[in-house]
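A.B. asks: Structure file my_file.cif, mmCIF, C-alpha atoms, is pasted below:
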```
data_work
loop_
_atom_site.label_atom_id
_atom_site.label_comp_id
_atom_site.auth_asym_id
_atom_site.auth_seq_id
_atom_site.Cartn_x
_atom_site.Cartn_y
_atom_site.Cartn_z
CA MET A 1 -39.78 6.47 9.18
CA ASN A 2 -36.05 7.07 9.22
CA LYS A 3 -35.01 4.30 11.54
CA VAL A 4 -31.27 4.68 11.26
CA ASN A 5 -29.64 7.39 13.30
CA PRO A 6 -27.54 9.41 10.82
CA LEU A 7 -24.77 9.63 13.40
CA TYR A 8 -24.52 5.81 13.23
CA LEU A 9 -24.28 6.07 9.46
CA ILE A 10 -21.57 8.72 9.71
CA MET A 11 -19.73 6.65 12.33
CA LEU A 12 -19.98 3.58 10.09
CA LEU A 13 -18.52 5.45 7.13
CA ILE A 14 -15.80 6.99 9.32
CA THR A 15 -14.95 3.47 10.55
CA ILE A 16 -14.84 2.20 6.97
CA LEU A 17 -12.67 5.19 6.04
CA ILE A 18 -10.29 4.53 8.95
CA LEU A 19 -10.07 0.85 7.99
CA THR A 20 -9.49 1.77 4.36
CA ILE A 21 -6.75 4.21 5.37
CA TYR A 22 -5.24 1.53 7.62
CA TYR A 23 -5.16 -1.01 4.76
CA TYR A 24 -3.86 1.66 2.39
CA THR A 25 -1.05 2.57 4.82
CA ASN A 26 -0.10 -1.11 5.13
CA THR A 27 -0.18 -1.54 1.36
CA LYS A 28 1.93 1.58 0.92
CA GLN A 29 4.47 0.38 3.47
CA ALA A 30 4.59 -3.03 1.78
CA PHE A 31 5.05 -1.30 -1.57
CA GLN A 32 7.91 0.86 -0.25
CA SER A 33 9.47 -2.22 1.33
CA ASN A 34 9.14 -4.12 -1.97
CA GLN A 35 10.67 -1.21 -3.83
CA THR A 36 13.60 -1.04 -1.42
CA TYR A 37 14.05 -4.81 -1.75
CA PHE A 38 13.93 -4.53 -5.54
CA HIS A 39 16.57 -1.78 -5.65
CA GLN A 40 18.73 -3.70 -3.19
CA ALA A 41 18.38 -6.91 -5.20
CA LYS A 42 19.17 -5.05 -8.42
CA LYS A 43 22.26 -3.38 -6.93
CA ILE A 44 23.56 -6.58 -5.36
CA GLY A 45 22.61 -8.59 -8.45
CA LEU A 46 24.49 -6.27 -10.81
CA LYS A 47 27.61 -6.16 -8.62
CA THR A 48 27.58 -9.89 -7.85
CA HIS A 49 27.04 -10.79 -11.49
CA ALA A 50 29.83 -8.47 -12.63
CA LEU A 51 32.25 -9.81 -10.03
CA TRP A 52 31.20 -13.43 -10.68
CA HIS A 53 31.92 -12.82 -14.37
CA ILE A 54 35.45 -11.76 -13.43
CA TYR A 55 36.25 -14.22 -10.67
CA GLY A 56 33.85 -17.13 -11.16
CA ASP A 57 32.96 -17.43 -14.83
CA LYS A 58 35.25 -20.31 -15.84
CA LYS A 59 34.54 -19.96 -19.56
CA PHE A 60 35.40 -16.26 -19.51
CA ILE A 61 38.57 -16.74 -17.44
CA GLN A 62 39.75 -19.62 -19.58
CA SER A 63 39.16 -17.71 -22.82
CA GLN A 64 41.08 -14.71 -21.46
CA ILE A 65 44.03 -16.83 -20.37
CA GLU A 66 44.05 -18.67 -23.70
CA ASN A 67 43.99 -15.30 -25.43
CA ILE A 68 47.02 -14.08 -23.42
CA LEU A 69 48.92 -17.31 -24.00
CA SER A 70 48.17 -17.27 -27.72
CA GLN A 71 49.73 -13.80 -27.97
CA SER A 72 52.84 -14.89 -26.05
CA SER A 73 55.63 -17.09 -27.33
CA LEU A 74 56.36 -18.40 -23.83
CA HIS A 75 56.43 -22.12 -23.36
CA VAL A 76 54.37 -22.61 -20.28
CA LYS A 77 52.26 -25.44 -18.95
CA THR A 78 48.67 -24.89 -17.91
CA GLN A 79 46.87 -27.17 -15.54
CA LYS A 80 43.22 -26.84 -14.57
CA THR A 81 41.81 -27.99 -11.26
CA GLU A 82 38.35 -27.50 -9.86
CA ASN A 83 39.27 -24.18 -8.24
CA PHE A 84 42.43 -23.01 -10.01
CA ILE A 85 44.22 -22.67 -13.30
CA LYS A 86 47.95 -23.22 -12.77
CA ILE A 87 50.47 -21.80 -15.20
CA SER A 88 54.13 -22.68 -14.86
CA GLY A 89 57.28 -22.43 -16.92
CA ASN A 90 61.02 -22.80 -16.40
CA ARG A 91 63.90 -20.76 -17.76
CA LEU A 92 61.75 -18.22 -19.54
CA PRO A 93 63.35 -15.15 -21.16
CA TYR A 94 63.00 -12.06 -18.94
CA LYS A 95 61.50 -9.79 -21.55
CA GLN A 96 58.77 -12.19 -22.62
CA LEU A 97 58.07 -13.17 -19.01
CA ASN A 98 57.75 -9.53 -18.12
CA ASN A 99 55.23 -8.95 -20.93
CA PHE A 100 53.29 -12.05 -19.93
CA LEU A 101 53.19 -11.04 -16.27
CA SER A 102 52.05 -7.52 -17.19
CA GLN A 103 49.19 -8.90 -19.23
CA ILE A 104 48.16 -11.30 -16.47
CA LEU A 105 48.16 -8.51 -13.91
CA ASN A 106 46.29 -6.16 -16.23
CA TYR A 107 43.42 -8.62 -16.46
CA PRO A 108 41.23 -8.77 -13.38
CA PHE A 109 42.04 -12.39 -12.52
CA ALA A 110 42.06 -13.51 -8.93
CA VAL A 111 45.77 -14.33 -8.60
CA GLN A 112 46.13 -16.61 -5.62
CA LYS A 113 49.78 -17.66 -5.82
CA LEU A 114 52.76 -16.37 -7.71
CA LYS A 115 56.37 -17.37 -7.63
CA ILE A 116 59.12 -15.96 -9.84
CA ILE A 117 62.64 -17.26 -9.37
CA LYS A 118 65.58 -15.83 -11.21
CA ASN A 119 67.53 -18.63 -12.96
CA ASP A 120 70.35 -16.53 -14.38
CA ASN A 121 70.85 -13.03 -15.73
CA THR A 122 68.41 -13.57 -18.63
CA HIS A 123 66.02 -16.27 -17.49
CA ALA A 124 63.54 -16.90 -14.74
CA SER A 125 60.91 -19.47 -13.77
CA ILE A 126 57.28 -18.69 -13.01
CA SER A 127 54.53 -20.49 -11.20
CA LEU A 128 51.06 -18.90 -11.06
CA GLU A 129 47.69 -19.91 -9.68
CA ILE A 130 44.52 -18.14 -10.76
CA LEU A 131 41.30 -18.74 -8.90
CA TRP A 132 38.11 -19.46 -10.82
CA MET B 133 -60.70 0.41 22.82
CA LEU B 134 -58.84 1.26 19.68
CA ASP B 135 -59.64 -0.30 16.35
CA ILE B 136 -56.80 -2.17 14.77
CA ALA B 137 -56.58 -4.01 11.47
CA PHE B 138 -54.30 -6.80 10.20
CA LYS B 139 -53.10 -6.50 6.66
CA ASN B 140 -49.97 -8.04 5.19
CA ASN B 141 -49.01 -9.13 8.72
CA ALA B 142 -49.02 -5.49 9.86
CA VAL B 143 -51.44 -4.02 12.34
CA THR B 144 -53.05 -0.73 11.34
CA VAL B 145 -53.70 1.76 14.14
CA PHE B 146 -55.26 5.20 14.23
CA LEU B 147 -53.00 7.57 16.11
CA ASP B 148 -54.49 10.54 17.85
CA LYS B 149 -53.41 12.62 20.82
CA ASN B 150 -56.26 11.07 22.76
CA SER B 151 -55.48 7.50 21.71
CA PRO B 152 -54.86 5.10 24.59
CA GLY B 153 -51.46 3.35 24.84
CA PHE B 154 -50.79 0.45 22.48
CA ASN B 155 -49.26 -2.88 23.28
CA ILE B 156 -48.47 -4.44 19.92
CA ASP B 157 -45.53 -6.71 19.07
CA ALA B 158 -46.28 -6.97 15.34
CA SER B 159 -45.39 -4.47 12.62
CA VAL B 160 -47.56 -1.41 12.66
CA ASN B 161 -49.10 0.86 10.02
CA ILE B 162 -50.13 4.20 11.48
CA ILE B 163 -52.94 6.43 10.24
CA LEU B 164 -52.36 9.92 11.60
CA SER B 165 -55.29 11.77 13.07
CA PRO B 166 -56.10 15.16 11.45
CA SER B 167 -54.96 16.74 14.71
CA LEU B 168 -51.36 15.70 13.84
CA TYR B 169 -51.05 17.46 10.51
CA TRP B 170 -52.26 20.47 8.52
CA VAL B 171 -53.72 20.05 5.06
CA ARG B 172 -54.60 22.53 2.34
CA LYS B 173 -56.30 22.15 -0.99
CA LEU B 174 -54.34 23.96 -3.66
CA THR B 175 -54.90 24.75 -7.29
CA LEU B 176 -51.49 25.78 -8.47
CA PRO B 177 -50.09 25.48 -12.00
CA VAL B 178 -47.31 23.11 -11.02
CA LYS B 179 -46.74 19.78 -12.64
CA SER B 180 -44.58 17.82 -10.28
CA LYS B 181 -44.85 16.81 -6.66
CA ARG B 182 -41.32 18.03 -6.03
CA GLU B 183 -42.17 21.54 -7.21
CA ILE B 184 -45.23 21.85 -5.01
CA VAL B 185 -43.45 20.43 -1.95
CA LYS B 186 -40.91 23.22 -2.40
CA LEU B 187 -43.73 25.76 -2.34
CA LEU B 188 -45.52 24.33 0.71
CA PRO B 189 -43.40 26.08 3.40
CA SER B 190 -44.54 29.46 2.06
CA VAL B 191 -48.14 28.24 1.68
CA PHE B 192 -48.29 27.22 5.35
CA ASP B 193 -46.07 30.02 6.58
CA ASP B 194 -48.87 32.21 7.96
CA THR B 195 -50.80 29.30 9.52
CA LEU B 196 -48.28 27.18 11.38
CA PRO B 197 -46.64 27.81 14.75
CA GLN B 198 -42.87 28.21 14.68
CA TYR B 199 -41.48 24.67 14.40
CA ASN B 200 -39.65 22.59 11.90
CA TYR B 201 -42.14 20.94 9.59
CA SER B 202 -42.00 18.36 6.89
CA TYR B 203 -44.19 18.55 3.84
CA TYR B 204 -46.01 16.12 1.60
CA ALA B 205 -48.28 16.59 -1.41
CA TYR B 206 -50.35 14.54 -3.80
CA LYS B 207 -52.68 15.34 -6.64
CA ASN B 208 -56.30 14.26 -6.76
CA HIS B 209 -57.89 15.09 -10.11
CA ASP B 210 -56.90 18.73 -10.64
CA THR B 211 -56.44 19.58 -7.00
CA TRP B 212 -53.24 19.37 -5.05
CA TYR B 213 -53.41 18.39 -1.38
CA GLY B 214 -50.53 19.87 0.60
CA PHE B 215 -49.62 18.53 4.04
CA ALA B 216 -47.46 19.92 6.80
CA TYR B 217 -46.56 17.86 9.84
CA ASN B 218 -44.21 18.10 12.78
CA ASP B 219 -42.02 14.97 12.79
CA LYS B 220 -40.84 15.56 16.34
CA GLU B 221 -44.39 15.93 17.69
CA ILE B 222 -45.54 12.72 15.97
CA ILE B 223 -42.47 10.78 17.13
CA GLU B 224 -43.00 11.94 20.70
CA LEU B 225 -46.64 10.86 20.48
CA ILE B 226 -45.57 7.46 19.06
CA ASN B 227 -43.23 7.08 22.03
CA ARG B 228 -45.90 8.13 24.49
CA LYS B 229 -48.33 5.61 23.06
CA ASN B 230 -45.81 2.74 23.54
CA LEU B 231 -45.38 2.04 19.85
CA ASN B 232 -42.04 0.50 18.98
CA LYS B 233 -40.40 2.76 16.37
CA SER B 234 -38.50 -0.13 14.83
CA LYS B 235 -41.79 -1.97 14.24
CA ILE B 236 -43.47 0.86 12.33
CA SER B 237 -43.94 -0.13 8.69
CA ASN B 238 -45.68 2.88 7.17
CA ILE B 239 -47.34 6.11 8.24
CA TYR B 240 -50.40 7.54 6.48
CA PHE B 241 -52.61 10.60 6.81
CA ALA B 242 -56.24 10.15 7.74
CA GLN B 243 -56.88 12.48 4.82
CA THR B 244 -55.45 10.08 2.26
CA GLU B 245 -56.98 6.95 3.77
CA LEU B 246 -60.37 8.02 5.04
CA ALA B 247 -61.56 11.01 2.98
CA ASP B 248 -63.62 8.97 0.54
CA LYS B 249 -64.71 6.35 3.01
CA ILE B 250 -66.44 8.11 5.88
CA THR B 251 -68.98 10.72 6.66
CA ALA B 252 -68.80 10.70 10.45
CA ILE B 253 -67.31 8.08 12.72
CA LYS B 254 -66.40 8.08 16.40
CA ILE B 255 -62.82 7.50 17.35
CA ASP B 256 -63.49 7.28 21.04
CA ASP B 257 -66.07 8.57 23.49
CA ASP B 258 -64.98 12.20 23.11
CA THR B 259 -63.70 12.46 19.52
CA ALA B 260 -65.11 11.76 16.11
CA ILE B 261 -63.84 12.33 12.60
CA CYS B 262 -65.78 13.25 9.55
CA SER B 263 -65.17 14.13 5.94
CA GLN B 264 -66.33 17.55 4.97
CA ASP B 265 -65.82 19.01 1.51
CA GLY B 266 -63.21 16.34 0.90
CA ALA B 267 -61.23 17.20 4.05
CA VAL B 268 -61.04 14.81 7.00
CA ILE B 269 -61.42 16.70 10.28
CA THR B 270 -61.80 15.86 13.97
CA LEU B 271 -64.80 16.99 15.95
CA PRO B 272 -66.13 16.51 19.45
CA SER B 273 -68.20 13.35 19.34
CA SER B 274 -71.21 15.22 20.67
CA TRP B 275 -71.29 17.29 17.47
CA VAL B 276 -71.99 14.34 15.25
CA LYS B 277 -74.72 11.79 15.44
CA ALA B 278 -72.58 8.88 14.40
CA ASP B 279 -72.72 5.87 16.63
CA ASP B 280 -70.37 3.72 14.53
CA ARG B 281 -66.86 3.37 15.67
CA LEU B 282 -63.95 3.53 13.25
CA ASP B 283 -63.29 0.05 11.85
CA ILE B 284 -60.02 0.44 9.99
CA SER B 285 -59.62 -3.26 9.39
CA THR B 286 -61.66 -2.79 6.20
CA ILE B 287 -59.42 -0.01 4.86
CA ALA B 288 -57.09 -0.71 1.95
CA LEU B 289 -54.16 1.58 2.54
CA SER B 290 -53.08 3.96 -0.21
CA LYS B 291 -49.64 4.63 -1.60
CA HIS B 292 -49.50 8.02 0.14
CA LYS B 293 -47.17 7.25 3.01
CA ILE B 294 -44.58 9.43 4.71
CA ASP B 295 -41.23 8.97 6.38
CA LEU B 296 -40.70 10.68 9.69
CA LYS B 297 -37.39 12.41 10.09
CA ALA B 298 -36.47 10.94 13.42
CA TYR B 299 -33.05 12.52 13.55
CA GLU B 300 -33.57 15.78 11.71
CA ASP B 301 -32.86 17.70 14.92
CA ILE B 302 -29.40 16.09 15.16
CA ILE B 303 -28.38 16.94 11.63
CA ASP B 304 -30.35 18.25 8.70
CA LYS B 305 -30.72 16.12 5.60
CA SER B 306 -28.67 18.38 3.36
CA SER B 307 -25.68 18.44 5.73
CA LEU B 308 -26.01 14.69 6.28
CA TYR B 309 -25.88 14.00 2.56
CA LYS B 310 -22.89 16.32 2.17
CA ILE B 311 -20.99 14.62 5.00
CA LEU B 312 -21.88 11.15 3.69
CA ALA B 313 -20.87 12.15 0.17
CA ILE B 314 -17.52 13.53 1.38
CA LEU B 315 -16.85 10.38 3.43
CA ILE B 316 -17.79 8.11 0.51
CA VAL B 317 -15.57 10.11 -1.85
CA PHE B 318 -12.67 9.83 0.62
CA ILE B 319 -13.25 6.09 1.00
CA LEU B 320 -13.34 5.65 -2.77
CA ILE B 321 -10.18 7.73 -3.26
CA VAL B 322 -8.27 5.80 -0.59
CA ALA B 323 -9.59 2.46 -1.88
CA ALA B 324 -8.63 3.38 -5.45
CA LYS B 325 -5.15 4.41 -4.29
CA ASP B 326 -4.87 1.14 -2.39
CA ILE B 327 -5.74 -0.84 -5.53
CA VAL B 328 -3.28 1.15 -7.66
CA ILE B 329 -0.46 0.69 -5.13
CA LYS B 330 -1.24 -3.03 -4.77
CA LYS B 331 -0.88 -3.43 -8.53
CA ALA B 332 2.34 -1.41 -8.53
CA SER B 333 3.61 -3.55 -5.67
CA GLU B 334 2.86 -6.73 -7.61
CA ALA B 335 4.71 -5.29 -10.61
CA VAL B 336 7.73 -4.52 -8.40
CA ASN B 337 7.64 -8.08 -7.02
CA GLN B 338 7.64 -9.47 -10.55
CA LYS B 339 10.59 -7.26 -11.48
CA THR B 340 12.42 -8.47 -8.36
CA SER B 341 11.79 -12.10 -9.37
CA LYS B 342 13.22 -11.36 -12.82
CA ILE B 343 16.31 -9.80 -11.21
CA PHE B 344 16.82 -12.96 -9.13
CA THR B 345 16.49 -15.14 -12.23
CA ARG B 346 18.67 -12.96 -14.46
CA TYR B 347 21.58 -12.69 -12.02
CA ASN B 348 21.22 -16.20 -10.53
CA LEU B 349 20.79 -14.77 -7.06
CA MET B 350 20.33 -16.98 -4.02
CA PRO B 351 16.88 -17.13 -2.39
CA THR B 352 17.72 -14.90 0.58
CA MET B 353 19.33 -11.48 0.62
CA ILE B 354 21.66 -12.53 3.46
CA GLN B 355 23.20 -15.21 1.23
CA ASN B 356 23.53 -12.75 -1.64
CA LYS B 357 25.12 -10.12 0.58
CA SER B 358 27.56 -12.73 1.86
CA ILE B 359 28.51 -13.76 -1.70
CA LEU B 360 28.92 -10.14 -2.77
CA SER B 361 31.00 -9.41 0.33
CA SER B 362 33.27 -12.35 -0.52
CA TYR B 363 33.67 -11.11 -4.12
CA LEU B 364 34.38 -7.56 -2.93
CA GLN B 365 36.99 -8.90 -0.53
CA THR B 366 38.66 -10.71 -3.43
CA TYR B 367 38.45 -7.54 -5.54
CA ARG B 368 40.09 -5.36 -2.84
CA LYS B 369 42.78 -7.95 -2.20
CA GLN B 370 43.59 -8.20 -5.93
CA ILE B 371 43.94 -4.42 -6.15
CA LYS B 372 46.39 -4.52 -3.24
CA ILE B 373 48.35 -7.40 -4.83
CA ARG B 374 48.65 -5.56 -8.13
CA ASN B 375 49.71 -2.30 -6.43
CA ALA B 376 52.36 -4.08 -4.36
CA ILE B 377 53.77 -6.14 -7.27
CA ALA B 378 53.77 -3.06 -9.53
CA LYS B 379 55.76 -1.12 -6.93
CA ILE B 380 58.26 -3.96 -6.53
CA LEU B 381 58.73 -4.41 -10.29
CA ASN B 382 59.02 -0.67 -10.88
CA LEU B 383 61.69 -0.05 -8.21
CA ARG B 384 64.72 1.87 -9.44
CA LEU B 385 67.46 -0.56 -8.52
CA HIS B 386 71.17 0.24 -8.46
CA GLU B 387 73.48 -1.59 -10.82
CA ASN B 388 74.49 -4.12 -8.22
CA GLN B 389 70.91 -4.72 -7.09
CA LYS B 390 68.72 -7.44 -8.62
CA LEU B 391 65.31 -8.90 -7.87
CA THR B 392 66.00 -12.62 -7.58
CA PHE B 393 62.76 -13.92 -6.13
CA LEU B 394 59.16 -12.78 -5.98
CA SER B 395 56.31 -14.76 -4.48
CA LEU B 396 52.71 -14.33 -3.43
CA ASN B 397 51.37 -16.80 -0.94
CA ASN B 398 48.18 -16.30 1.05
CA ASN B 399 48.35 -12.68 2.20
CA THR B 400 52.08 -12.23 1.97
CA ILE B 401 54.25 -10.99 -0.85
CA THR B 402 57.90 -11.89 -0.49
CA ALA B 403 60.60 -10.27 -2.58
CA ILE B 404 64.32 -11.07 -2.33
CA PHE B 405 66.88 -8.65 -3.71
CA SER B 406 70.60 -9.22 -4.10
CA ILE B 407 72.03 -5.94 -2.91
CA GLY B 408 75.76 -6.17 -3.50
CA LYS B 409 78.54 -5.74 -0.99
CA ASN B 410 77.75 -2.22 0.15
CA ASN B 411 74.38 -3.39 1.54
CA ASN B 412 72.65 -0.20 0.45
CA THR B 413 68.91 -0.80 0.73
CA ASN B 414 67.67 2.76 1.17
CA ASN B 415 66.38 3.15 -2.35
CA ILE B 416 64.41 -0.12 -2.13
CA LEU B 417 62.94 0.56 1.29
CA ALA B 418 62.08 4.14 0.34
CA GLY B 419 60.25 2.89 -2.78
CA LEU B 420 58.17 0.45 -0.74
CA GLN B 421 57.59 2.78 2.20
CA ASN B 422 53.82 3.05 1.67
CA LEU B 423 53.43 -0.74 1.79
CA GLN B 424 54.94 -0.89 5.31
CA PRO B 425 57.34 -3.72 4.49
CA ARG B 426 59.02 -5.93 7.06
CA TYR B 427 62.55 -6.60 5.95
CA THR B 428 65.70 -8.46 6.91
CA VAL B 429 69.20 -8.05 5.55
CA ASP B 430 71.37 -11.15 5.32
CA LYS B 431 74.91 -9.79 5.16
CA PRO B 432 76.82 -13.01 4.35
CA THR B 433 74.71 -13.56 1.20
CA ASN B 434 74.12 -9.82 0.54
CA GLN B 435 70.40 -10.37 0.27
CA LEU B 436 67.50 -8.15 1.31
CA THR B 437 64.33 -10.08 2.05
CA ILE B 438 61.13 -8.03 2.08
CA LYS B 439 57.79 -9.30 3.28
CA ILE B 440 54.63 -7.29 2.63
CA THR B 441 51.44 -8.29 4.37
CA LEU B 442 48.34 -7.38 2.38
#
```
Show me the file's structure as C-alpha cells.
C.D. replies:
Amino acid sequence: MNKVNPLYLIMLLITILILTIYYYTNTKQAFQSNQTYFHQAKKIGLKTHALWHIYGDKKFIQSQIENILSQSSLHVKTQKTENFIKISGNRLPYKQLNNFLSQILNYPFAVQKLKIIKNDNTHASISLEILW
Amino acid sequence: MLDIAFKNNAVTVFLDKNSPGFNIDASVNIILSPSLYWVRKLTLPVKSKREIVKLLPSVFDDTLPQYNYSYYAYKNHDTWYGFAYNDKEIIELINRKNLNKSKISNIYFAQTELADKITAIKIDDDTAICSQDGAVITLPSSWVKADDRLDISTIALSKHKIDLKAYEDIIDKSSLYKILAILIVFILIVAAKDIVIKKASEAVNQKTSKIFTRYNLMPTMIQNKSILSSYLQTYRKQIKIRNAIAKILNLRLHENQKLTFLSLNNNTITAIFSIGKNNNTNNILAGLQNLQPRYTVDKPTNQLTIKITL
C-alpha cells in the first residue's frame, strides 16, 4: 500500500530544492565577494608594490643614486640614515649641479628636503634628503 | 468472529464488506474477499506481466462500473489471471473496519491465496466462499453445505501481493513521477552549480593568498589601503614638488635677476631672487602665477622672496 502521501514527497523535494537554492545563493554571494576581494587585493597589491619599489625599496633607490653619482663629476657627500639618504656638496659648478639636479628630479625619488644656495656667480651649494 | 493468523509477526485477516470491525495493533496482512475485485482467466499470446496489465483495462471495460481501477495479473501454467480492483473502495473499507493503514504489511487476493486450498468454507453466518473452476467466489452460506469456518492461520501467503494507490485521486502516478523527476533534476542542477562555484571560490581564495604573498601585503585590507594611500600621497606631493621646482628653474629672468636660494622644507618651497634696483618682479610672479605664490619684496637688499605651499 502506498503509505506516503505524494504531496508530502513533493513538499519534501520542494523544501530540499529551496534549501539547495538557499545554499547556492549563499555560495554564489561568497564567490562574488571573494572575487571582488581578489580584484581589490590585486589592484592594491600592484599599486602598493610599484610605489614601494619607488619609495621604499632601499636597494633600488641606492643603486639609482649611485648610478646618477657615477655619471656626475660632482664631489658630493652621501650619508645614509634609517629613513633618508642625504647628499650634500659645497661650491659646486652651476652647470654640473644643474645636470645633477635634473637627473635627481627626473627619477621618482621622494625628495624630502632640498636647499640650494648660490655661493658666487659660478658656484652653489646643495643639500638634499631623499626618503627611502 | 473473524479468523486471524500470525505469521512473521503479522496478523492475516480476511477482508470482506460484511467483515466485522477489527481491533489489531500488530502488522496486518489482508486477504481481499472476491467481492472486492474482479478476476478473469485469459489465454492471450503475451509474454510479460507488464504487457497483459496494459491490456486489462480494455478486457474489463465492458464489465466494470465507471471508476478508476488498478490492475494486476499473474500466470498460472498457460493461463493468465487478470484482476481489476478499486483502490478507493478497498481503502474506504479498510478505514471502516478500523484497520490502521500504516500497519498494513501486504494485501492479497483470495483468488491467489485460497483457490487451491478450499472447496467451500463459511466466512460468517451469511457468507461463504468456494473455489469453482479455479475461481474463488462468494456465495450465500445457505447455498453451500460447508460447516467449516475459514482458518487462514494455516495459509502460507503467496508472492502475489498488491499495493493500493492511496493517493491516486490527488495526483496520478505519471504526473507524480514527472513532478518528482523535474524537482530532482532541479535539485541536482542547483547542487552541481553549488559545487562548481564552491570550487571556483576556493581557487579565487588561493589566488588571493598568492597575491598577498607576492606583494607582501598586510593581513587586512584596511592596512593595505592605508599604506597605498600614504604612498599615493607621497606620489602626488612629489609631482607637485617637481612641477614647482621646474617652473622656478625655467623662469625667464632679466639680466639683473638671479636665483640665489632655493629650498624645500616640509610642504613649502622657498625661492629667493635678487631683482636689481628697479625691483621689477612682474616676469617672475607671472611665471609662477599658477602656483599661487606668497611673496615679499625686500627693497633695501633688492630681494624677492617667494614661498609656495604645496
A.B. asks: Can you turn the PyMOL selection byres ((chain B) within 6 of (chain A)) into a concrete residue list for this file, as a list in words?
C.D. replies: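 On this input, the PyMOL selection byres ((chain B) within 6 of (chain A)) captures Asp295, Leu296, Lys297, Ala298, Ile319, Asp326, Ser333, Thr340, Tyr347, Leu360, Thr392, Phe393, Leu394, Ser395, Leu396 and Asn397 of chain B.
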A.B. asks: Any idea what the distance is between CA of Lys310 (chain B) and CA of Ile223 (chain B)?
C.D. replies: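 Distance between the two atoms: 25.3 Å.
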A.B. asks: What does the structure give for the distance between CA of Tyr206 (chain B) and CA of Tyr169 (chain B), in Å to one decimal?
C.D. replies: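 Computed distance, CA of Tyr206 (chain B) to CA of Tyr169 (chain B), equals 14.6 Å.
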A.B. asks: Pick out the closest residue to Ile371 (chain B) from this set: A:Tyr107, A:Thr122, A:Lys86, A:Phe100. Count all atoms listed in the file.
C.D. replies: A:Tyr107
A.B. asks: Please measure the separation of CA of Ile404 (chain B) and CA of Thr428 (chain B), giving the value in Å to one decimal.
C.D. replies: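 Between CA of Ile404 (chain B) and CA of Thr428 (chain B) the gap is 9.7 Å.
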A.B. asks: Neighbouring residues of Ile269 (chain B) were defined as those with any atom within 6 Å, considering only C-alpha atoms; residues of the same chain fewer than 6 positions away were excluded. Please report them as a list in words.
C.D. replies: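 Here the answer would be Pro166, Ile261 and Cys262 of chain B.
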A.B. asks: Could you pull the residues within 12 Å of Gln71 (chain A), counting all atoms listed in the file, minus those fewer than 2 positions along the same chain, as a list in words?
C.D. replies: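 Selected residues are Gln64, Ile65, Glu66, Asn67, Ile68, Leu69, Ser73, Leu74, His75, Gln96, Asn99, Phe100, Gln103 and Ile104 of chain A.
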A.B. asks: Using the chain letters and residue numbers of this document, give as a list in words the residues selected by the PyMOL selection byres ((chain B and resi 204) around 10).
C.D. replies: Val171, Lys181, Arg182, Ile184, Val185, Lys186, Leu188, Ser202, Tyr203, Ala205, Tyr206, Tyr213, Gly214, Phe215, Ala216, Tyr217, His292, Lys293, Ile294 and Asp295 of chain B
A.B. asks: With the file shown as input, list the residues that the PyMOL selection byres ((chain B and resi 275) around 12) selects, as a list in words.
C.D. replies: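 Listing what the PyMOL selection byres ((chain B and resi 275) around 12) selects in the shown file: Ala252, Ile253, Lys254, Asp257, Asp258, Thr259, Ala260, Ile261, Cys262, Thr270, Leu271, Pro272, Ser273, Ser274, Val276, Lys277, Ala278 and Asp279 of chain B.
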A.B. asks: Need the shell around region 225-230 of chain B: protein/DNA/RNA residues with any atom at most 10 Å away, counting only C-alpha atoms. Skip same-chain ones fewer than 5 positions apart. Format as a list in words?
C.D. replies: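 What passes the distance filter is Leu147, Asp148, Lys149, Asn150, Ser151, Pro152, Gly153, Phe154, Asn155, Ile156, Ile162, Leu168, Asp219, Lys220 and Ile236 of chain B.
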A.B. asks: Nearest to His386 (chain B): which of B:Ser190, B:Asn422, B:Ser406, B:Gln370 is it, counting all atoms listed in the file?
C.D. replies: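 The closest residue to His386 (chain B) is B:Ser406.
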A.B. asks: Counting only C-alpha atoms, figure out which residue out of B:Lys207, B:Thr437, B:Arg346, B:Glu245 gets nearest to Thr286 (chain B).
C.D. replies: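 Using only C-alpha atoms, Thr286 (chain B) sits closest to B:Glu245.
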A.B. asks: Can you tell me, as lines of an AutoDock Vina configuration file, the centre and edge lengths (Å, one decimal) of the axis-aligned box enclosing all of region 16-19 of chain A's listed atoms after padding each side by 5 Å?
C.D. replies:
```
center_x = -12.5
center_y = 3.0
center_z = 7.5
size_x = 14.8
size_y = 14.3
size_z = 12.9
```
A.B. asks: Quick one: residues within 12 Å of (72.8, -11.7, -0.6) (file frame), counting all atoms listed in the file, please, as a VMD selection string.
C.D. replies: chain B and resid 388 to 393 404 to 413 428 to 437
